[in-house]
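Quick look at upload-v8.cif (mmCIF, C-alpha atoms and all ligand atoms):
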data_structure
loop_
_atom_site.label_atom_id
_atom_site.label_comp_id
_atom_site.auth_asym_id
_atom_site.auth_seq_id
_atom_site.Cartn_x
_atom_site.Cartn_y
_atom_site.Cartn_z
CA MET A 1 62.92 120.76 116.72
CA LYS A 2 65.10 117.85 115.58
CA LYS A 3 68.82 118.07 116.21
CA ALA A 4 71.39 116.74 113.76
CA LEU A 5 75.13 116.33 114.21
CA ILE A 6 77.26 116.30 111.06
CA THR A 7 80.89 115.19 111.11
CA GLY A 8 82.78 116.49 108.08
CA VAL A 9 80.53 119.56 107.88
CA THR A 10 83.28 121.59 106.17
CA GLY A 11 83.44 119.12 103.26
CA GLN A 12 81.39 119.02 100.06
CA ASP A 13 78.56 116.82 101.35
CA GLY A 14 78.62 118.34 104.83
CA ALA A 15 77.93 121.79 103.37
CA TYR A 16 75.03 120.65 101.18
CA LEU A 17 73.58 118.52 103.97
CA ALA A 18 73.78 121.32 106.56
CA GLU A 19 71.95 123.64 104.16
CA PHE A 20 69.33 120.97 103.43
CA LEU A 21 68.67 120.20 107.12
CA LEU A 22 68.47 123.88 108.06
CA GLU A 23 65.83 124.33 105.34
CA LYS A 24 63.96 121.40 106.90
CA GLY A 25 63.89 123.25 110.24
CA TYR A 26 66.57 121.24 112.05
CA GLU A 27 69.02 122.55 114.62
CA VAL A 28 72.32 121.60 113.00
CA HIS A 29 75.61 120.99 114.78
CA GLY A 30 78.75 120.54 112.74
CA VAL A 31 82.12 119.13 113.76
CA LYS A 32 85.09 120.93 112.24
CA ARG A 33 88.77 120.21 112.63
CA ARG A 34 91.15 122.78 113.93
CA ALA A 35 93.28 123.99 111.02
CA SER A 36 95.95 126.66 110.77
CA LEU A 37 93.92 128.36 108.03
CA PHE A 38 90.15 128.79 108.04
CA ASN A 39 88.52 125.71 106.50
CA THR A 40 84.89 126.83 106.58
CA SER A 41 84.52 128.50 103.17
CA ARG A 42 81.84 126.01 102.05
CA ILE A 43 79.60 126.80 105.03
CA ASP A 44 80.32 130.45 105.75
CA HIS A 45 77.02 131.44 104.09
CA LEU A 46 75.13 129.36 106.68
CA TYR A 47 76.89 130.76 109.71
CA ARG A 48 75.15 133.34 111.95
CA ASP A 49 76.52 135.28 114.89
CA PRO A 50 75.60 133.08 117.90
CA HIS A 51 74.47 136.24 119.73
CA GLU A 52 71.58 136.70 117.30
CA ASP A 53 68.15 135.24 118.09
CA GLY A 54 66.98 132.02 116.50
CA VAL A 55 70.41 130.69 115.53
CA ARG A 56 70.13 127.01 114.50
CA PHE A 57 73.60 126.30 113.13
CA PHE A 58 76.50 125.63 115.50
CA LEU A 59 80.09 124.59 114.91
CA HIS A 60 82.23 122.60 117.35
CA HIS A 61 85.88 121.67 117.20
CA GLY A 62 86.38 117.95 116.97
CA ASP A 63 88.14 115.09 115.27
CA LEU A 64 87.22 111.52 114.43
CA THR A 65 90.50 110.36 115.95
CA ASP A 66 89.52 111.76 119.37
CA SER A 67 87.00 109.58 121.26
CA SER A 68 86.69 111.77 124.33
CA ASN A 69 85.86 114.76 122.15
CA LEU A 70 83.17 112.80 120.30
CA ILE A 71 81.63 111.47 123.51
CA ARG A 72 81.50 114.95 125.04
CA LEU A 73 79.94 116.51 121.93
CA ILE A 74 77.30 113.81 121.56
CA GLN A 75 76.50 113.98 125.27
CA GLN A 76 76.14 117.76 125.10
CA ILE A 77 74.08 117.87 121.89
CA GLN A 78 71.96 114.70 122.34
CA PRO A 79 71.35 114.54 118.58
CA ASP A 80 68.38 112.77 117.00
CA GLU A 81 70.49 112.05 113.93
CA ILE A 82 74.22 111.73 113.33
CA TYR A 83 75.61 111.93 109.80
CA ASN A 84 79.15 110.55 109.82
CA LEU A 85 80.60 112.19 106.72
CA ALA A 86 84.09 112.97 108.02
CA ALA A 87 86.89 111.06 106.35
CA GLN A 88 90.26 111.25 104.70
CA SER A 89 88.33 110.86 101.47
CA HIS A 90 91.02 110.89 98.77
CA VAL A 91 91.75 107.43 97.38
CA ALA A 92 95.23 108.26 96.04
CA VAL A 93 96.22 109.98 99.30
CA SER A 94 95.19 106.86 101.22
CA PHE A 95 98.12 104.98 99.63
CA GLU A 96 100.42 107.60 101.13
CA GLU A 97 98.66 107.85 104.51
CA PRO A 98 97.19 104.38 105.04
CA GLU A 99 97.41 104.38 108.83
CA TYR A 100 95.82 107.79 109.28
CA THR A 101 93.14 106.84 106.75
CA ALA A 102 92.33 103.70 108.75
CA ASN A 103 92.27 105.67 111.98
CA SER A 104 89.85 108.34 110.76
CA ASP A 105 87.75 106.37 108.25
CA ALA A 106 87.51 102.96 109.94
CA LEU A 107 88.03 103.57 113.66
CA GLY A 108 86.36 106.99 113.38
CA ALA A 109 83.05 105.31 112.56
CA LEU A 110 83.55 102.90 115.46
CA ARG A 111 84.23 105.80 117.83
CA VAL A 112 80.99 107.55 116.91
CA LEU A 113 78.95 104.34 117.22
CA GLU A 114 80.60 103.52 120.54
CA ALA A 115 79.89 107.03 121.82
CA ILE A 116 76.19 106.52 121.04
CA ARG A 117 76.27 103.21 122.94
CA ILE A 118 78.30 104.47 125.91
CA LEU A 119 75.86 107.36 126.32
CA GLY A 120 72.84 105.02 126.18
CA LEU A 121 71.47 106.77 123.06
CA GLU A 122 70.98 103.58 120.99
CA LYS A 123 67.22 104.07 120.83
CA LYS A 124 67.28 107.84 120.37
CA THR A 125 70.08 108.63 117.94
CA ARG A 126 69.93 107.49 114.32
CA TYR A 127 73.25 107.01 112.52
CA TYR A 128 74.19 107.48 108.87
CA GLN A 129 77.52 106.09 107.60
CA ALA A 130 79.05 107.55 104.44
CA SER A 131 79.88 104.31 102.67
CA THR A 132 81.15 104.21 99.13
CA SER A 133 81.14 102.52 95.72
CA GLU A 134 84.90 102.11 96.27
CA LEU A 135 83.90 99.04 98.33
CA TYR A 136 83.22 97.27 95.01
CA GLY A 137 86.74 98.04 93.75
CA LEU A 138 87.59 95.17 91.45
CA VAL A 139 83.99 94.71 90.41
CA GLN A 140 82.40 91.31 90.70
CA GLU A 141 79.13 92.20 88.96
CA THR A 142 77.80 95.04 86.75
CA PRO A 143 75.88 97.10 87.62
CA GLN A 144 76.70 97.06 91.33
CA LYS A 145 73.86 96.77 93.80
CA GLU A 146 73.48 96.18 97.55
CA THR A 147 74.13 92.42 97.20
CA THR A 148 77.21 92.70 94.97
CA PRO A 149 80.31 91.30 96.75
CA PHE A 150 82.91 93.86 97.87
CA TYR A 151 86.55 93.83 96.71
CA PRO A 152 88.25 96.99 98.01
CA ARG A 153 91.34 98.20 96.10
CA SER A 154 92.88 100.91 98.29
CA PRO A 155 93.64 101.62 101.95
CA TYR A 156 90.71 104.07 101.77
CA ALA A 157 88.31 101.41 100.53
CA VAL A 158 89.56 98.85 103.07
CA ALA A 159 89.02 101.37 105.89
CA LYS A 160 85.54 102.11 104.56
CA LEU A 161 84.85 98.37 104.45
CA TYR A 162 85.43 98.22 108.19
CA ALA A 163 83.15 101.22 108.71
CA TYR A 164 80.46 99.57 106.59
CA TRP A 165 80.48 96.33 108.56
CA ILE A 166 80.78 97.92 112.00
CA THR A 167 77.67 99.93 111.14
CA VAL A 168 75.81 96.73 110.20
CA ASN A 169 77.14 95.03 113.33
CA TYR A 170 75.98 97.78 115.72
CA ARG A 171 72.57 97.72 114.05
CA GLU A 172 72.28 93.96 114.58
CA ALA A 173 73.99 93.74 117.98
CA TYR A 174 72.40 96.72 119.74
CA GLY A 175 69.27 97.38 117.73
CA MET A 176 70.55 100.77 116.66
CA TYR A 177 69.00 102.64 113.76
CA ALA A 178 72.19 102.67 111.68
CA CYS A 179 72.38 102.82 107.87
CA ASN A 180 75.00 102.68 105.14
CA GLY A 181 74.57 104.87 102.10
CA ILE A 182 76.72 103.24 99.41
CA LEU A 183 77.20 106.37 97.38
CA PHE A 184 78.74 106.42 93.94
CA ASN A 185 80.85 109.46 92.98
CA HIS A 186 79.05 112.74 93.39
CA GLU A 187 80.39 116.10 92.43
CA SER A 188 79.51 119.79 92.44
CA PRO A 189 81.10 123.23 92.10
CA ILE A 190 82.33 122.83 95.71
CA ARG A 191 83.96 119.44 95.09
CA GLY A 192 87.53 119.25 96.46
CA GLU A 193 89.94 120.58 93.84
CA ASN A 194 92.04 117.42 93.64
CA PHE A 195 89.21 115.06 92.67
CA VAL A 196 89.26 114.47 88.95
CA THR A 197 86.05 116.26 87.87
CA ARG A 198 86.83 119.49 89.68
CA LYS A 199 90.48 119.29 88.67
CA ILE A 200 89.30 119.15 85.04
CA THR A 201 86.69 121.94 85.17
CA ARG A 202 89.00 124.21 87.13
CA ALA A 203 91.99 123.60 84.84
CA LEU A 204 90.06 123.94 81.57
CA ALA A 205 88.47 127.19 82.75
CA ARG A 206 91.94 128.53 83.58
CA ILE A 207 93.33 127.29 80.25
CA LYS A 208 90.55 129.13 78.45
CA LEU A 209 91.58 132.39 80.12
CA GLY A 210 95.31 131.84 79.59
CA LEU A 211 96.08 131.31 83.27
CA GLN A 212 97.37 127.77 82.70
CA GLU A 213 98.66 125.78 79.71
CA HIS A 214 98.46 122.12 80.67
CA LEU A 215 96.22 119.71 82.44
CA TYR A 216 98.03 116.60 83.67
CA LEU A 217 95.85 113.61 84.46
CA GLY A 218 96.27 109.94 85.34
CA ASN A 219 94.05 107.13 84.05
CA LEU A 220 91.83 108.63 81.35
CA ASN A 221 89.99 105.35 80.79
CA ALA A 222 88.57 105.04 84.33
CA LEU A 223 84.77 104.81 84.18
CA ARG A 224 82.59 106.37 86.86
CA ASP A 225 78.91 106.87 87.68
CA TRP A 226 78.86 110.59 88.50
CA GLY A 227 75.90 112.31 90.21
CA HIS A 228 75.34 115.69 91.87
CA ALA A 229 76.10 116.04 95.61
CA LYS A 230 73.00 118.15 96.15
CA ASP A 231 70.79 115.26 95.04
CA TYR A 232 72.70 112.73 97.11
CA VAL A 233 72.44 114.49 100.49
CA GLU A 234 68.66 114.37 100.26
CA MET A 235 68.97 110.60 100.18
CA GLN A 236 71.22 110.63 103.26
CA TRP A 237 68.37 112.29 105.14
CA LEU A 238 65.67 110.05 103.62
CA MET A 239 67.55 106.95 104.79
CA LEU A 240 67.18 108.08 108.40
CA GLN A 241 63.42 108.76 108.07
CA GLN A 242 62.30 105.15 107.37
CA GLU A 243 60.63 102.71 109.75
CA GLN A 244 63.51 100.24 109.57
CA PRO A 245 67.22 100.95 109.06
CA ASP A 246 68.74 99.56 105.86
CA ASP A 247 71.62 100.00 103.40
CA PHE A 248 71.18 101.58 99.97
CA VAL A 249 73.12 102.08 96.76
CA ILE A 250 72.84 105.64 95.50
CA ALA A 251 73.87 106.18 91.89
CA THR A 252 72.61 107.46 88.56
CA GLY A 253 72.99 104.22 86.57
CA VAL A 254 74.92 106.07 83.83
CA GLN A 255 78.65 105.82 83.23
CA TYR A 256 81.28 108.07 81.61
CA SER A 257 85.06 107.90 81.34
CA VAL A 258 87.49 110.54 82.61
CA ARG A 259 88.27 111.25 78.94
CA ASP A 260 84.53 111.82 78.26
CA PHE A 261 84.41 114.23 81.17
CA VAL A 262 87.29 116.26 79.70
CA ASN A 263 85.65 116.37 76.26
CA ILE A 264 82.24 117.40 77.59
CA ALA A 265 83.69 120.10 79.85
CA ALA A 266 85.88 121.40 76.99
CA ARG A 267 82.91 121.50 74.63
CA GLU A 268 81.00 123.48 77.23
CA LEU A 269 83.85 126.00 77.39
CA GLY A 270 84.26 126.09 73.63
CA ILE A 271 87.91 125.01 73.69
CA THR A 272 89.71 122.36 71.66
CA VAL A 273 91.40 119.57 73.54
CA HIS A 274 94.77 118.44 72.22
CA TRP A 275 95.50 115.02 73.62
CA ASP A 276 98.89 113.66 74.45
CA GLY A 277 100.14 111.44 71.63
CA GLU A 278 98.07 113.16 68.95
CA GLY A 279 100.71 114.86 66.79
CA LEU A 280 102.58 116.31 69.74
CA ASP A 281 106.34 116.78 69.85
CA GLU A 282 108.55 115.15 72.50
CA LYS A 283 107.78 117.95 74.94
CA GLY A 284 104.05 117.48 74.49
CA TYR A 285 103.32 120.51 72.28
CA ASP A 286 101.36 120.51 69.02
CA ALA A 287 102.12 122.52 65.89
CA SER A 288 100.43 125.62 67.31
CA GLY A 289 102.62 125.35 70.42
CA LYS A 290 99.73 124.20 72.54
CA CYS A 291 99.13 121.06 74.53
CA ILE A 292 96.15 120.85 76.75
CA VAL A 293 95.88 117.39 78.25
CA SER A 294 98.79 115.06 79.04
CA VAL A 295 98.93 111.85 80.98
CA ASP A 296 101.29 111.97 83.96
CA PRO A 297 101.91 108.55 85.51
CA ARG A 298 102.32 110.16 88.93
CA TYR A 299 98.53 110.19 89.08
CA PHE A 300 98.23 106.45 88.48
CA ARG A 301 97.27 104.48 91.56
CA PRO A 302 99.07 101.32 92.71
CA THR A 303 95.77 99.48 92.32
CA GLU A 304 93.06 101.19 90.29
CA VAL A 305 89.28 100.93 90.26
CA GLU A 306 88.70 100.83 86.51
CA THR A 307 84.92 100.84 86.36
CA LEU A 308 81.95 101.62 88.60
CA LEU A 309 78.29 101.66 87.64
CA GLY A 310 75.52 101.63 90.23
CA ASP A 311 72.02 100.18 90.22
CA PRO A 312 69.89 102.48 92.41
CA SER A 313 66.65 100.44 92.01
CA LYS A 314 66.29 99.71 95.74
CA ALA A 315 66.55 103.40 96.68
CA LYS A 316 64.04 104.29 93.98
CA GLU A 317 61.61 101.66 95.15
CA LYS A 318 61.93 101.96 98.94
CA LEU A 319 62.94 105.60 99.43
CA GLY A 320 61.14 107.01 96.42
CA TRP A 321 64.46 108.62 95.56
CA GLN A 322 65.92 109.43 92.21
CA PRO A 323 68.47 111.96 91.05
CA LYS A 324 67.07 115.19 89.61
CA ILE A 325 70.22 116.76 88.17
CA THR A 326 71.56 115.22 84.97
CA PHE A 327 75.21 114.64 84.14
CA ASP A 328 75.15 117.43 81.53
CA GLU A 329 73.66 119.88 84.02
CA LEU A 330 76.31 118.89 86.57
CA VAL A 331 79.17 119.53 84.14
CA LYS A 332 77.61 122.82 82.99
CA GLU A 333 77.27 124.07 86.57
CA MET A 334 80.83 123.08 87.51
CA VAL A 335 82.27 124.72 84.39
CA ARG A 336 80.24 127.90 84.91
CA GLU A 337 81.38 128.31 88.52
CA ASP A 338 85.03 127.55 87.74
CA LEU A 339 84.96 130.01 84.86
CA LYS A 340 83.74 132.72 87.26
CA ALA A 341 86.59 131.87 89.66
CA ALA A 342 89.11 131.92 86.80
CA GLU A 343 87.80 135.31 85.70
CA ARG A 344 88.44 136.64 89.21
CA ASP A 345 91.98 135.19 89.16
CA GLU A 346 92.60 136.64 85.71
CA LEU A 347 91.57 140.06 86.94
CA VAL A 348 93.94 139.75 89.89
CA LYS A 349 96.75 138.65 87.59
CA ARG A 350 96.09 141.47 85.13
CA HIS A 351 96.47 143.93 87.97
CA GLY A 352 99.88 142.59 88.84
CA TYR A 353 99.25 139.82 91.35
CA TYR A 354 100.38 136.25 90.85
CA ALA A 355 97.67 133.60 90.34
CA ASN A 356 98.38 130.11 91.62
CA ASN A 357 98.50 127.12 89.32
CA TYR A 358 97.78 123.82 91.03
CA HIS A 359 98.22 120.46 89.36
CA GLU A 360 97.16 118.19 92.24
P1 LIG B 401 85.37 115.88 101.59
O1 LIG B 401 86.76 115.41 101.47
O2 LIG B 401 84.91 117.07 100.81
O3 LIG B 401 85.05 116.21 103.13
C1 LIG B 401 85.56 115.40 104.16
C2 LIG B 401 85.26 116.07 105.48
O4 LIG B 401 85.81 115.28 106.52
C3 LIG B 401 85.88 117.47 105.64
O5 LIG B 401 84.99 118.26 106.38
C4 LIG B 401 87.13 117.19 106.44
O6 LIG B 401 87.59 118.29 107.17
C5 LIG B 401 86.59 116.13 107.38
N1 LIG B 401 87.61 115.31 108.02
C6 LIG B 401 88.63 114.63 107.47
N2 LIG B 401 89.32 113.95 108.40
C7 LIG B 401 88.72 114.22 109.58
C8 LIG B 401 88.97 113.85 110.92
N3 LIG B 401 89.99 113.05 111.25
N4 LIG B 401 88.14 114.32 111.89
C9 LIG B 401 87.12 115.14 111.59
N5 LIG B 401 86.84 115.54 110.34
C10 LIG B 401 87.63 115.09 109.36
O7 LIG B 401 84.42 114.62 101.30
P2 LIG B 401 82.95 114.56 100.66
O8 LIG B 401 82.12 115.63 101.26
O9 LIG B 401 83.07 114.44 99.19
O10 LIG B 401 82.46 113.14 101.17
C11 LIG B 401 81.79 112.99 102.43
C12 LIG B 401 81.91 111.55 102.88
O11 LIG B 401 81.33 110.69 101.92
C13 LIG B 401 83.34 111.06 103.08
O12 LIG B 401 83.32 110.15 104.17
C14 LIG B 401 83.64 110.31 101.79
O13 LIG B 401 84.61 109.31 102.02
C15 LIG B 401 82.28 109.72 101.49
N6 LIG B 401 81.99 109.50 100.09
C16 LIG B 401 82.10 110.52 99.19
C17 LIG B 401 81.73 110.33 97.88
C18 LIG B 401 81.86 111.41 96.86
O14 LIG B 401 81.81 111.10 95.67
N7 LIG B 401 81.96 112.66 97.26
C19 LIG B 401 81.19 109.02 97.42
C20 LIG B 401 81.07 108.05 98.48
C21 LIG B 401 81.45 108.28 99.76
P3 LIG B 401 88.53 119.44 106.50
O15 LIG B 401 87.58 120.35 105.73
O16 LIG B 401 89.15 120.08 107.67
O17 LIG B 401 89.48 118.73 105.59
P1 LIG B 402 87.57 108.40 93.27
O1 LIG B 402 87.57 109.91 92.71
O2 LIG B 402 88.92 107.85 93.38
O3 LIG B 402 86.59 107.66 92.41
O4 LIG B 402 87.01 108.61 94.74
P2 LIG B 402 88.68 110.73 91.91
O5 LIG B 402 87.95 111.88 91.32
O6 LIG B 402 89.87 111.01 92.74
O7 LIG B 402 89.12 109.70 90.76
C1 LIG B 402 88.20 109.19 89.81
C2 LIG B 402 88.96 108.44 88.73
O8 LIG B 402 89.70 109.37 87.96
C3 LIG B 402 91.01 108.86 87.78
N1 LIG B 402 91.94 109.97 87.54
C4 LIG B 402 92.29 110.92 88.42
N2 LIG B 402 91.91 111.16 89.69
C5 LIG B 402 92.43 112.24 90.33
N3 LIG B 402 92.02 112.53 91.58
N4 LIG B 402 93.35 113.05 89.74
C6 LIG B 402 93.78 112.84 88.46
O9 LIG B 402 94.60 113.57 87.93
C7 LIG B 402 93.22 111.73 87.76
N5 LIG B 402 93.38 111.24 86.50
C8 LIG B 402 92.59 110.19 86.38
C9 LIG B 402 91.31 108.10 89.06
O10 LIG B 402 92.40 107.22 88.90
C10 LIG B 402 89.96 107.42 89.29
O11 LIG B 402 89.89 106.25 88.53
C11 LIG B 402 85.93 109.50 94.99
C12 LIG B 402 86.11 110.04 96.42
O12 LIG B 402 85.14 111.05 96.63
C13 LIG B 402 85.91 108.94 97.44
O13 LIG B 402 85.89 109.51 98.76
C14 LIG B 402 84.58 108.25 97.19
O14 LIG B 402 84.39 107.20 98.08
C15 LIG B 402 84.53 107.74 95.75
O15 LIG B 402 84.69 108.83 94.86
C16 LIG B 402 83.18 107.09 95.42
#
Let me see the file written as structure tokens.
Amino acid sequence: MKKALITGVTGQDGAYLAEFLLEKGYEVHGVKRRASLFNTSRIDHLYRDPHEDGVRFFLHHGDLTDSSNLIRLIQQIQPDEIYNLAAQSHVAVSFEEPEYTANSDALGALRVLEAIRILGLEKKTRYYQASTSELYGLVQETPQKETTPFYPRSPYAVAKLYAYWITVNYREAYGMYACNGILFNHESPIRGENFVTRKITRALARIKLGLQEHLYLGNLNALRDWGHAKDYVEMQWLMLQQEQPDDFVIATGVQYSVRDFVNIAARELGITVHWDGEGLDEKGYDASGKCIVSVDPRYFRPTEVETLLGDPSKAKEKLGWQPKITFDELVKEMVREDLKAAERDELVKRHGYYANNYHE
């Protein structure tokens, strides 16, 4: 039975990947951070009491900023495959926490690679690095492919640039099977609530049920190539099953703006979007006393990535990979799940409990 170690198992991709690998028959080990509140809601459905027979999913406390912890875990588990998904993954937050972001996202990758080397596992353990379309930043070519020059535009992207190159370097220097998946944005109903797609579906669902009045967003004109996380984790696995390690762009090749995303999600919910600046008074309300979407400059980034569009031809050709879930299906699924959650909150509120209203 193959053993996989996933850092960032409590995150969006970690949860989908753990489920995928368990279905493939792997023994799966996940690294989770200690938190003052439980942070395992995305993987609770996979967890089994370790006293039961045949358990194949294990969680370990760990952190990408702690080398000794990583060395001990990798020594103990002796994984065939490591998926390094852990990261401070929010671009806007990286401007506020640049040093921590560099420590976890850049040096974290180095620590895992070094642990493999220190333990003499270079020929046994295959390594996947969660690289990103943010590397292209101020784009030099459209669409972006594996050979497009990088121009990172945030502390997050700069940290991920280091992780990208250290992965390439360890592959070349020590003959390790190490790959970069350059993944464009991918979303799902379990996407973090402060990434723009989930923020939109969650807020519009709550607006529909009267739990919230406004949705405040930043740059509505940003263009992204949005896929489904479930599709993308399959590619992470496929990359580690080839004869030779390589780096791949993973994307849909289709682009929408943040504004498009709002309109499509609103249409799905059957609500009308009133945009800021369209017949609104100085407080942002229209004649019916309603304003749904306003721009709040607090969500602008000091340097923005205005447009990203990927060319996944290499992955299609060499990995036989292509996304199965369309953009419309993705939006529908996210809206459906957030509407269910809003219905639960509405029920709670109706029975006298306060329902939270996040704008992050
Ligand atoms: P999430 O933010 O949902 O998950 C990040 C995970 O990393 C969480 O499990 C988090 O733990 C964990 N983590 C954060 N810091 C540390 C640390 N110092 N030590 C250990 N674990 C840590 O991200 P996604 O699942 O969306 O993304 C997975 C990876 O892919 C990330 O590296 C991201 O940068 C990258 N990526 C994502 C894309 C996307 O569109 N989703 C596109 C391209 C790349 P906790 O739950 O405790 O916060
Ligand atoms: P991104 O995702 O920065 O592309 O990084 P995010 O959803 O945060 O932003 C996408 C675009 O939407 C604009 N935007 C807003 N973003 C947020 N979060 N909140 C808002 O209110 C808002 N309004 C407009 C942003 O400015 C941006 O242009 C994601 C992360 O998953 C990274 O870890 C990953 O590497 C990249 O995708 C690929």
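Using only C-alpha atoms, the contacts of Leu119 in chain A at a cut-off of 10 Å, with sequence neighbours closer than 5 positions omitted, comprise Ile71, Arg72, Ile74, Gln75, Gln78 and Glu114 of chain A.
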field: For ligand LIG 402 (chain B), the nearest of the candidates A:Glu304, A:Asp247, A:Glu52, A:Asp105, counting only C-alpha atoms and all ligand atoms
entry: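 With only C-alpha atoms and all ligand atoms as the atom set, the closest residue is A:Glu304.
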Build an axis-aligned box that encloses every atom of ligand LIG 402 (chain B) listed in the file, pad it by 6 Å on each side, and report its centre and edge lengths in Å to one decimal, as lines of an AutoDock Vina configuration file.
center_x = 88.9
center_y = 109.9
center_z = 92.6
size_x = 23.4
size_y = 19.3
size_z = 24.4
Check which residues of chain A sit at most 8 Å from ligand LIG 402 (chain B) using all atoms listed in the file, and return one row each with the closest pair of atoms and their distance in Å to one decimal, ordered by chain and rising number, as a tab-separated table.
residue	atom	partner	partner_atom	distance
A:Ala87	CA	B:LIG402	O13	7.8
A:Gln88	CA	B:LIG402	O13	7.6
A:Ser89	CA	B:LIG402	O13	3.9
A:His90	CA	B:LIG402	O13	5.3
A:Val91	CA	B:LIG402	O2	4.9
A:Ala92	CA	B:LIG402	O2	6.9
A:Ser131	CA	B:LIG402	O14	7.1
A:Thr132	CA	B:LIG402	O14	4.5
A:Ser133	CA	B:LIG402	C16	5.0
A:Glu134	CA	B:LIG402	C16	5.3
A:Tyr156	CA	B:LIG402	O13	7.9
A:Ala157	CA	B:LIG402	O14	7.4
A:Leu183	CA	B:LIG402	C16	6.3
A:Phe184	CA	B:LIG402	C16	4.7
A:Asn185	CA	B:LIG402	C16	4.1
A:His186	CA	B:LIG402	O15	7.0
A:Asn194	CA	B:LIG402	N3	5.3
A:Phe195	CA	B:LIG402	O5	3.7
A:Val196	CA	B:LIG402	O5	3.7
A:Thr197	CA	B:LIG402	O5	5.9
A:Arg198	CA	B:LIG402	O5	7.9
A:Lys199	CA	B:LIG402	N4	7.0
A:Tyr216	CA	B:LIG402	O9	6.3
A:Leu217	CA	B:LIG402	O9	3.7
A:Gly218	CA	B:LIG402	N5	3.4
A:Asn219	CA	B:LIG402	C8	4.1
A:Leu220	CA	B:LIG402	C8	5.3
A:Asn221	CA	B:LIG402	O11	7.8
A:Ala222	CA	B:LIG402	O11	4.6
A:Leu223	CA	B:LIG402	O11	6.9
A:Arg224	CA	B:LIG402	C1	6.9
A:Val258	CA	B:LIG402	O8	5.9
A:Val295	CA	B:LIG402	N5	7.9
A:Asp296	CA	B:LIG402	O9	7.9
A:Tyr299	CA	B:LIG402	O9	5.3
A:Phe300	CA	B:LIG402	O10	5.9
A:Arg301	CA	B:LIG402	O10	6.2
A:Glu304	CA	B:LIG402	O10	6.2
A:Val305	CA	B:LIG402	O11	5.6
A:Glu306	CA	B:LIG402	O11	5.9
A:Thr307	CA	B:LIG402	O11	7.7
A:His359	CA	B:LIG402	O9	7.9
A:Glu360	CA	B:LIG402	O9	6.8
- request: Identify, counting only C-alpha atoms and all ligand atoms, the protein, DNA and RNA residues located within 8 Å of ligand LIG 401 (chain B), and give them as a ChimeraX atom specification.
  value: /A:7-15,31-35,39-40,62-65,84-90,103-105,108,129-134,160,182-187,191-192,226,229
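Checking A:His61, A:Arg350, A:Lys145, A:Arg171 one by one against Ala251 in chain A, counting all atoms listed in the file, you find the shortest gap at A:Lys145.
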Point-to-point distance in Å for CA of Thr272 in chain A and CA of Lys208 in chain A: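 Spanning CA of Lys208 in chain A to CA of Thr272 in chain A is a straight-line distance of 9.6 Å.
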CA of Ala178 in chain A to CA of Leu5 in chain A, straight-line distance in Å: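 Taking CA of Leu5 in chain A and CA of Ala178 in chain A, their separation equals 14.2 Å.
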task: Could you give me, as a list in words, the residues within 9 Å of Leu121 in chain A, counting only C-alpha atoms and dropping anything in the same chain fewer than 4 positions from it?
output: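 My reading of the contact set: Gln78, Pro79, Ala115, Ile116, Arg117, Thr125, Arg126 and Met176 of chain A.
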Two-atom distance - CA of Asn180 in chain A, CA of Val249 in chain A (Å):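 Pair CA of Asn180 in chain A / CA of Val249 in chain A returns 8.6 Å.
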Go through range 219-267 of chain A and flag each residue having an atom no more than 8 Å from range 328-339 of chain A; for those, report the closest pair of atoms plus their distance in Å to one decimal, using all atoms listed in the file, ordered by chain and rising number, as a tab-separated table.
residue	atom	partner	partner_atom	distance
A:Gly227	CA	A:Leu330	CA	7.5
A:His228	CA	A:Leu330	CA	6.3
A:Ile264	CA	A:Val331	CA	7.5
A:Ala265	CA	A:Val331	CA	6.3
Filtering to C-alpha atoms, could you give me those residues as a PDB file, keeping the file's coordinate frame?
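part07.pdb was written with the following content:
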ATOM      1  CA  GLY A 227      75.900 112.310  90.210  1.00  0.00           C
ATOM      2  CA  HIS A 228      75.340 115.690  91.870  1.00  0.00           C
ATOM      3  CA  ILE A 264      82.240 117.400  77.590  1.00  0.00           C
ATOM      4  CA  ALA A 265      83.690 120.100  79.850  1.00  0.00           C
TER       5      ALA A 265
END
- line: Counting all atoms listed in the file, closest pick from A:Asp53, A:Glu172, A:Glu23, A:Asp231 relative to Gln244 in chain A is A:Glu172
message: Set the distance at 8 Å and use only C-alpha atoms: which residues neighbour Val262 in chain A once local chain neighbours fewer than 4 positions away are removed? I'd like the list as an MDAnalysis selection string.
response: chainID A and resid 200:201 258 266
Option closest in space to Val93 in chain A, from A:His274, A:Pro155, A:His60, A:Thr252 [counting only C-alpha atoms]: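 Selected residue with least distance to Val93 in chain A: A:Pro155.
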- request: Excluding Cys179 in chain A and any residue of its chain fewer than 5 positions from it, enumerate the residues within 12 Å of it, using all atoms listed in the file, and give them as a PyMOL selection string.
  value: chain A and resi 81-84+109+113+125-131+163-172+235-249
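Non-sequential neighbours of Ile77 in chain A (distance at most 9 Å, separation of 6 or more positions within a chain, all atoms listed in the file) are Lys3, Ala4, Leu5 and His29 of chain A.
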Residue with smallest distance to Lys2 in chain A - pool A:Leu37, A:Leu107, A:Leu21, A:Leu347, counting only C-alpha atoms: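 Among the listed residues, A:Leu21 lies closest to Lys2 in chain A.
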field: Residue nearest Glu346 in chain A - candidates A:Leu135, A:Ala173, A:Leu17, A:Leu209, atoms counted: only C-alpha atoms
entry: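 The answer is A:Leu209, which sits nearest to Glu346 in chain A.
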